[in-house]
file coords_30.cif (mmCIF, C-alpha atoms)
data_final
loop_
_atom_site.group_PDB
_atom_site.id
_atom_site.type_symbol
_atom_site.label_atom_id
_atom_site.label_comp_id
_atom_site.auth_asym_id
_atom_site.auth_seq_id
_atom_site.Cartn_x
_atom_site.Cartn_y
_atom_site.Cartn_z
ATOM 1 C CA MET A 124 93.234 94.277 5.405
ATOM 2 C CA GLY A 125 91.390 96.191 8.067
ATOM 3 C CA PHE A 126 91.511 95.745 11.799
ATOM 4 C CA PHE A 127 89.744 92.773 13.219
ATOM 5 C CA ASN A 128 87.291 93.188 16.048
ATOM 6 C CA LYS A 129 87.948 90.959 19.023
ATOM 7 C CA ASN A 130 84.188 90.742 19.416
ATOM 8 C CA ASP A 131 83.664 89.166 15.986
ATOM 9 C CA ALA A 132 81.217 86.267 15.745
ATOM 10 C CA ASP A 133 83.588 83.808 17.399
ATOM 11 C CA ASP A 134 83.547 83.182 21.130
ATOM 12 C CA ASP A 135 86.615 85.100 22.405
ATOM 13 C CA SER A 136 87.511 82.295 24.821
ATOM 14 C CA LYS A 137 87.922 79.962 21.835
ATOM 15 C CA VAL A 138 89.981 82.358 19.694
ATOM 16 C CA LEU A 139 93.717 82.798 20.103
ATOM 17 C CA ASN A 140 95.200 85.956 18.578
ATOM 18 C CA ILE A 141 98.931 85.697 17.967
ATOM 19 C CA GLY A 142 100.875 88.559 16.421
ATOM 20 C CA CYS A 143 104.005 87.736 14.440
ATOM 21 C CA PHE A 144 104.703 91.158 12.993
ATOM 22 C CA GLY A 145 107.601 92.639 11.092
ATOM 23 C CA ALA A 146 108.924 92.353 7.581
ATOM 24 C CA VAL A 147 108.294 89.016 5.890
ATOM 25 C CA ARG A 148 111.668 87.437 5.184
ATOM 26 C CA PRO A 149 113.187 83.986 5.670
ATOM 27 C CA LEU A 150 115.245 84.848 8.775
ATOM 28 C CA LYS A 151 112.115 86.029 10.617
ATOM 29 C CA ASN A 152 110.923 82.400 10.628
ATOM 30 C CA GLN A 153 107.197 83.172 10.355
ATOM 31 C CA LEU A 154 106.262 79.851 8.743
ATOM 32 C CA ILE A 155 107.552 77.603 11.533
ATOM 33 C CA GLN A 156 105.993 79.929 14.111
ATOM 34 C CA ALA A 157 102.643 79.681 12.309
ATOM 35 C CA ILE A 158 102.863 75.874 12.274
ATOM 36 C CA ALA A 159 103.535 75.867 16.026
ATOM 37 C CA ALA A 160 100.688 78.296 16.678
ATOM 38 C CA ILE A 161 98.254 76.188 14.628
ATOM 39 C CA GLU A 162 99.289 73.028 16.459
ATOM 40 C CA TYR A 163 98.932 74.737 19.850
ATOM 41 C CA ALA A 164 95.465 76.006 18.891
ATOM 42 C CA ASN A 165 94.464 72.540 17.667
ATOM 43 C CA ARG A 166 95.609 70.925 20.926
ATOM 44 C CA THR A 167 93.716 73.464 23.031
ATOM 45 C CA GLY A 168 90.560 73.458 20.913
ATOM 46 C CA GLN A 169 90.923 77.084 19.872
ATOM 47 C CA LYS A 170 90.618 78.931 16.594
ATOM 48 C CA LEU A 171 93.856 80.711 15.722
ATOM 49 C CA ARG A 172 94.101 84.142 14.197
ATOM 50 C CA PHE A 173 97.736 84.577 13.177
ATOM 51 C CA HIS A 174 98.466 88.239 12.475
ATOM 52 C CA ILE A 175 101.263 89.393 10.150
ATOM 53 C CA ASN A 176 102.371 92.426 8.133
ATOM 54 C CA VAL A 177 102.450 91.927 4.368
ATOM 55 C CA LYS A 178 103.567 95.303 3.057
ATOM 56 C CA ARG A 179 107.314 94.702 3.533
ATOM 57 C CA ILE A 180 108.462 91.544 1.794
ATOM 58 C CA GLU A 181 112.265 91.488 2.014
ATOM 59 C CA GLY A 182 115.227 89.204 1.387
ATOM 60 C CA LYS A 183 113.363 86.850 -0.931
ATOM 61 C CA GLY A 184 110.420 86.620 1.457
ATOM 62 C CA GLU A 185 107.861 86.032 -1.322
ATOM 63 C CA PRO A 186 107.941 82.216 -0.871
ATOM 64 C CA VAL A 187 107.470 82.675 2.894
ATOM 65 C CA LEU A 188 104.263 84.656 2.355
ATOM 66 C CA LYS A 189 103.070 82.205 -0.311
ATOM 67 C CA ASN A 190 103.675 79.274 2.048
ATOM 68 C CA LEU A 191 101.933 81.020 4.945
ATOM 69 C CA ARG A 192 98.865 81.603 2.785
ATOM 70 C CA GLU A 193 98.881 77.968 1.654
ATOM 71 C CA LEU A 194 99.288 76.747 5.234
ATOM 72 C CA PHE A 195 96.166 78.596 6.337
ATOM 73 C CA LYS A 196 94.274 77.686 3.163
ATOM 74 C CA ASN A 197 94.871 74.044 4.138
ATOM 75 C CA ASN A 198 93.852 74.705 7.767
ATOM 76 C CA PRO A 199 90.521 76.508 7.248
ATOM 77 C CA LYS A 200 89.591 76.459 10.940
ATOM 78 C CA HIS A 201 92.328 79.073 11.466
ATOM 79 C CA GLU A 202 92.849 82.504 9.907
ATOM 80 C CA LEU A 203 95.860 84.349 8.590
ATOM 81 C CA MET A 204 95.235 88.032 9.285
ATOM 82 C CA GLU A 205 97.227 90.270 6.931
ATOM 83 C CA TYR A 206 97.943 93.972 7.508
ATOM 84 C CA ASP A 207 99.619 96.742 5.599
ATOM 85 C CA TRP A 208 102.405 98.599 7.375
ATOM 86 C CA LEU A 209 100.667 100.652 10.079
ATOM 87 C CA SER A 210 101.477 103.906 11.813
ATOM 88 C CA HIS A 211 102.943 103.303 15.262
ATOM 89 C CA ASP A 212 99.707 104.347 17.002
ATOM 90 C CA GLU A 213 97.670 101.971 14.808
ATOM 91 C CA PHE A 214 100.197 99.214 15.413
ATOM 92 C CA ILE A 215 100.007 99.647 19.193
ATOM 93 C CA ASP A 216 96.211 99.488 18.986
ATOM 94 C CA LEU A 217 96.558 96.178 17.148
ATOM 95 C CA VAL A 218 99.205 94.825 19.548
ATOM 96 C CA GLN A 219 96.860 95.506 22.474
ATOM 97 C CA ARG A 220 94.320 93.139 20.884
ATOM 98 C CA MET A 221 96.755 90.199 20.851
ATOM 99 C CA ASP A 222 96.925 87.350 23.335
ATOM 100 C CA LEU A 223 100.576 86.648 22.528
ATOM 101 C CA GLY A 224 103.434 87.970 20.421
ATOM 102 C CA MET A 225 105.893 85.686 18.642
ATOM 103 C CA GLN A 226 109.342 86.658 17.349
ATOM 104 C CA VAL A 227 111.183 83.347 17.187
ATOM 105 C CA SER A 228 113.550 84.595 14.527
ATOM 106 C CA PHE A 229 116.959 83.333 13.485
ATOM 107 C CA THR A 230 118.704 86.678 13.887
ATOM 108 C CA GLU A 231 117.945 89.956 15.664
ATOM 109 C CA THR A 232 119.679 92.954 17.116
ATOM 110 C CA PHE A 233 117.015 94.412 19.416
ATOM 111 C CA ASN A 234 113.518 93.676 18.028
ATOM 112 C CA ILE A 235 111.286 96.676 18.457
ATOM 113 C CA VAL A 236 108.170 94.600 17.748
ATOM 114 C CA THR A 237 108.839 92.569 20.894
ATOM 115 C CA ALA A 238 109.488 95.788 22.824
ATOM 116 C CA ASP A 239 106.066 97.053 21.759
ATOM 117 C CA PHE A 240 104.432 93.824 22.948
ATOM 118 C CA VAL A 241 106.281 93.895 26.268
ATOM 119 C CA ASN A 242 105.575 97.590 26.790
ATOM 120 C CA ASN A 243 101.859 96.821 26.328
ATOM 121 C CA ASN A 244 101.867 93.897 28.785
ATOM 122 C CA ILE A 245 101.362 91.192 26.169
ATOM 123 C CA PRO A 246 103.210 87.893 26.755
ATOM 124 C CA VAL A 247 105.836 86.946 24.175
ATOM 125 C CA VAL A 248 107.721 83.949 22.842
ATOM 126 C CA VAL A 249 111.034 84.749 21.169
ATOM 127 C CA SER A 250 114.343 83.172 20.218
ATOM 128 C CA LYS A 251 117.458 83.743 22.297
ATOM 129 C CA GLU A 252 118.344 86.377 19.691
ATOM 130 C CA VAL A 253 116.043 88.752 21.591
ATOM 131 C CA SER A 254 118.455 88.526 24.484
ATOM 132 C CA TRP A 255 116.736 91.011 26.791
ATOM 133 C CA VAL A 256 113.584 88.858 27.077
ATOM 134 C CA ASN A 257 113.624 86.516 30.043
ATOM 135 C CA PRO A 258 115.059 83.110 29.023
ATOM 136 C CA LEU A 259 111.879 81.413 30.265
ATOM 137 C CA PHE A 260 110.285 82.652 27.045
ATOM 138 C CA TRP A 261 113.088 81.718 24.620
ATOM 139 C CA SER A 262 112.224 78.997 22.139
ATOM 140 C CA SER A 263 114.292 76.965 19.738
ATOM 141 C CA THR A 264 114.006 78.450 16.251
ATOM 142 C CA ASN A 265 113.510 75.171 14.425
ATOM 143 C CA LYS A 266 111.609 72.934 16.825
ATOM 144 C CA VAL A 267 107.834 73.208 16.690
ATOM 145 C CA GLU A 268 107.433 71.368 20.013
ATOM 146 C CA SER A 269 109.716 73.892 21.720
ATOM 147 C CA MET A 270 107.562 76.744 20.413
ATOM 148 C CA ILE A 271 104.363 75.007 21.486
ATOM 149 C CA GLY A 272 105.766 74.530 24.984
ATOM 150 C CA LYS A 273 106.805 78.175 25.214
ATOM 151 C CA ILE A 274 103.400 79.374 23.949
ATOM 152 C CA LYS A 275 101.772 77.300 26.679
ATOM 153 C CA LEU A 276 104.207 78.629 29.282
ATOM 154 C CA ALA A 277 103.890 82.294 28.248
ATOM 155 C CA LEU A 278 100.092 82.155 28.323
ATOM 156 C CA ALA A 279 99.981 80.215 31.610
ATOM 157 C CA LEU A 280 102.549 82.470 33.290
ATOM 158 C CA SER A 281 101.311 85.749 31.860
ATOM 159 C CA LYS A 282 101.687 87.287 35.322
ATOM 160 C CA LEU A 283 105.462 86.891 34.861
ATOM 161 C CA LYS A 284 105.495 89.189 31.829
ATOM 162 C CA PHE A 285 106.906 91.869 34.154
ATOM 163 C CA LEU A 286 110.204 89.970 33.890
ATOM 164 C CA ASN A 287 110.367 91.045 30.253
ATOM 165 C CA LYS A 288 109.714 94.663 31.213
ATOM 166 C CA ILE A 289 112.679 94.464 33.563
ATOM 167 C CA GLY A 290 114.774 93.030 30.732
ATOM 168 C CA LEU A 291 113.669 95.816 28.397
ATOM 169 C CA TRP A 292 114.475 98.441 31.003
ATOM 170 C CA TRP A 293 117.911 96.901 31.678
ATOM 171 C CA PHE A 294 118.740 96.725 27.973
ATOM 172 C CA SER A 295 117.725 100.386 27.554
ATOM 173 C CA PHE A 296 119.756 101.402 30.614
ATOM 174 C CA LYS A 297 122.891 99.626 29.349
ATOM 175 C CA SER A 298 122.411 101.048 25.848
ATOM 176 C CA GLU A 299 122.124 104.577 27.181
ATOM 177 C CA LYS A 300 125.340 104.123 29.185
ATOM 178 C CA ILE A 301 127.205 102.923 26.086
ATOM 179 C CA TRP A 302 125.743 105.723 23.959
ATOM 180 C CA THR A 303 126.760 108.321 26.552
ATOM 181 C CA LYS A 304 130.257 106.870 26.836
ATOM 182 C CA TYR A 305 130.928 107.172 23.107
ATOM 183 C CA PHE A 306 128.770 110.138 22.086
ATOM 184 C CA GLY A 307 128.328 112.246 25.216
ATOM 185 C CA GLN A 308 125.365 113.106 27.389
ATOM 186 C CA THR A 309 121.991 112.424 25.766
ATOM 187 C CA LYS A 310 119.951 114.864 27.851
#

call {"tool": "encode", "arguments": {"input": "coords_30.cif", "output": "structure tokens"}}
result
Amino acid sequence: MGFFNKNDADDDSKVLNIGCFGAVRPLKNQLIQAIAAIEYANRTGQKLRFHINVKRIEGKGEPVLKNLRELFKNNPKHELMEYDWLSHDEFIDLVQRMDLGMQVSFTETFNIVTADFVNNNIPVVVSKEVSWVNPLFWSSTNKVESMIGKIKLALALSKLKFLNKIGLWWFSFKSEKIWTKYFGQTK
């Protein structure tokens, strides 16, 4: 469960690193995201490394992790990369090694994992639940083809990732205004 090295034996141009971090639980939708990522990698002739956390299994997430492991066992060209819960600095180091972040979950409030990806200039694909991300990068939560299309779009339009930074800034600005209104000045 150590860090991978982007310069491992594989040709970097043929390896796609997708991070789908956070607690493993059914509403995070990791299994369908992994299926979409595998299919995208297959269509583009790449090897997938799908990165997840495995230290926090919540809300009856044990079957999700079991199914993820079986999915990759049955797709040996691709790798499931498992990590313990990391310190924030270690996590950011890992995020910076990703090609794409996925958080196509069924329910969210803010999603700090996506904020870390966006803050580090990594393209993302999310569900509409992460409302501050530009809608260009919203995928259906239960349609693999939708996710594949959004992966393709996010990677092709990676120069537009600044749109997500604007969304993050706007969300933070609005949140600070609400916080100040109800709890007073924050500074």

call {"tool": "closest_residue", "arguments": {"input": "coords_30.cif", "among": "A:Glu205, A:Glu299, A:Glu162, A:Glu193", "to": "A:Ile175", "atoms": "all atoms listed in the file"}}
result
A:Glu205

call {"tool": "resolve_selection", "arguments": {"input": "coords_30.cif", "expression": "the PyMOL selection byres ((chain A and resi 163) around 10)", "output": "mmCIF file with C-alpha atoms, in the frame of the given file"}}
result
data_model
loop_
_atom_site.group_PDB
_atom_site.id
_atom_site.type_symbol
_atom_site.label_atom_id
_atom_site.label_comp_id
_atom_site.auth_asym_id
_atom_site.auth_seq_id
_atom_site.Cartn_x
_atom_site.Cartn_y
_atom_site.Cartn_z
ATOM 1 C CA LEU A 139 93.717 82.798 20.103
ATOM 2 C CA ALA A 157 102.643 79.681 12.309
ATOM 3 C CA ILE A 158 102.863 75.874 12.274
ATOM 4 C CA ALA A 159 103.535 75.867 16.026
ATOM 5 C CA ALA A 160 100.688 78.296 16.678
ATOM 6 C CA ILE A 161 98.254 76.188 14.628
ATOM 7 C CA GLU A 162 99.289 73.028 16.459
ATOM 8 C CA ALA A 164 95.465 76.006 18.891
ATOM 9 C CA ASN A 165 94.464 72.540 17.667
ATOM 10 C CA ARG A 166 95.609 70.925 20.926
ATOM 11 C CA THR A 167 93.716 73.464 23.031
ATOM 12 C CA GLY A 168 90.560 73.458 20.913
ATOM 13 C CA GLN A 169 90.923 77.084 19.872
ATOM 14 C CA LYS A 170 90.618 78.931 16.594
ATOM 15 C CA LEU A 171 93.856 80.711 15.722
ATOM 16 C CA VAL A 267 107.834 73.208 16.690
ATOM 17 C CA GLU A 268 107.433 71.368 20.013
ATOM 18 C CA MET A 270 107.562 76.744 20.413
ATOM 19 C CA ILE A 271 104.363 75.007 21.486
ATOM 20 C CA GLY A 272 105.766 74.530 24.984
ATOM 21 C CA ILE A 274 103.400 79.374 23.949
ATOM 22 C CA LYS A 275 101.772 77.300 26.679
#

call {"tool": "residues_around", "arguments": {"input": "coords_30.cif", "residues": "A:Asp222", "least_positions_apart": "6", "cutoff": "10 Å", "atoms": "all atoms listed in the file", "output": "number ranges by chain"}}
result
A: 138-142, 240, 244-247, 277-278, 281

call {"tool": "residues_around", "arguments": {"input": "coords_30.cif", "residues": "A:Trp208", "least_positions_apart": "4", "cutoff": "8 Å", "atoms": "only C-alpha atoms", "output": "list in words"}}
result
Asn176, Val177, Lys178 and Arg179 of chain A

call {"tool": "resolve_selection", "arguments": {"input": "coords_30.cif", "expression": "the PyMOL selection byres ((chain A and resi 248-258) around 10)", "output": "MDAnalysis selection string"}}
result
chainID A and resid 143 156 223:235 237:238 241 246:247 259:265 270:278 283:295

call {"tool": "resolve_selection", "arguments": {"input": "coords_30.cif", "expression": "the PyMOL selection byres ((chain A and resi 146) around 6)", "output": "ChimeraX atom specification"}}
result
/A:145,147,179-180

call {"tool": "atom_distance", "arguments": {"input": "coords_30.cif", "atom1": "atom CA of A:Asn242", "atom2": "atom CA of A:Leu217"}}
result
13.3 Å

call {"tool": "closest_residue", "arguments": {"input": "coords_30.cif", "among": "A:Ser136, A:Ser210, A:Asn190, A:Asn197", "to": "A:Gln153", "atoms": "only C-alpha atoms"}}
result
A:Asn190

call {"tool": "atom_distance", "arguments": {"input": "coords_30.cif", "atom1": "atom CA of A:Lys189", "atom2": "atom CA of A:Leu150"}}
result
15.4 Å

call {"tool": "atom_distance", "arguments": {"input": "coords_30.cif", "atom1": "atom CA of A:Tyr206", "atom2": "atom CA of A:His174"}}
result
7.6 Å
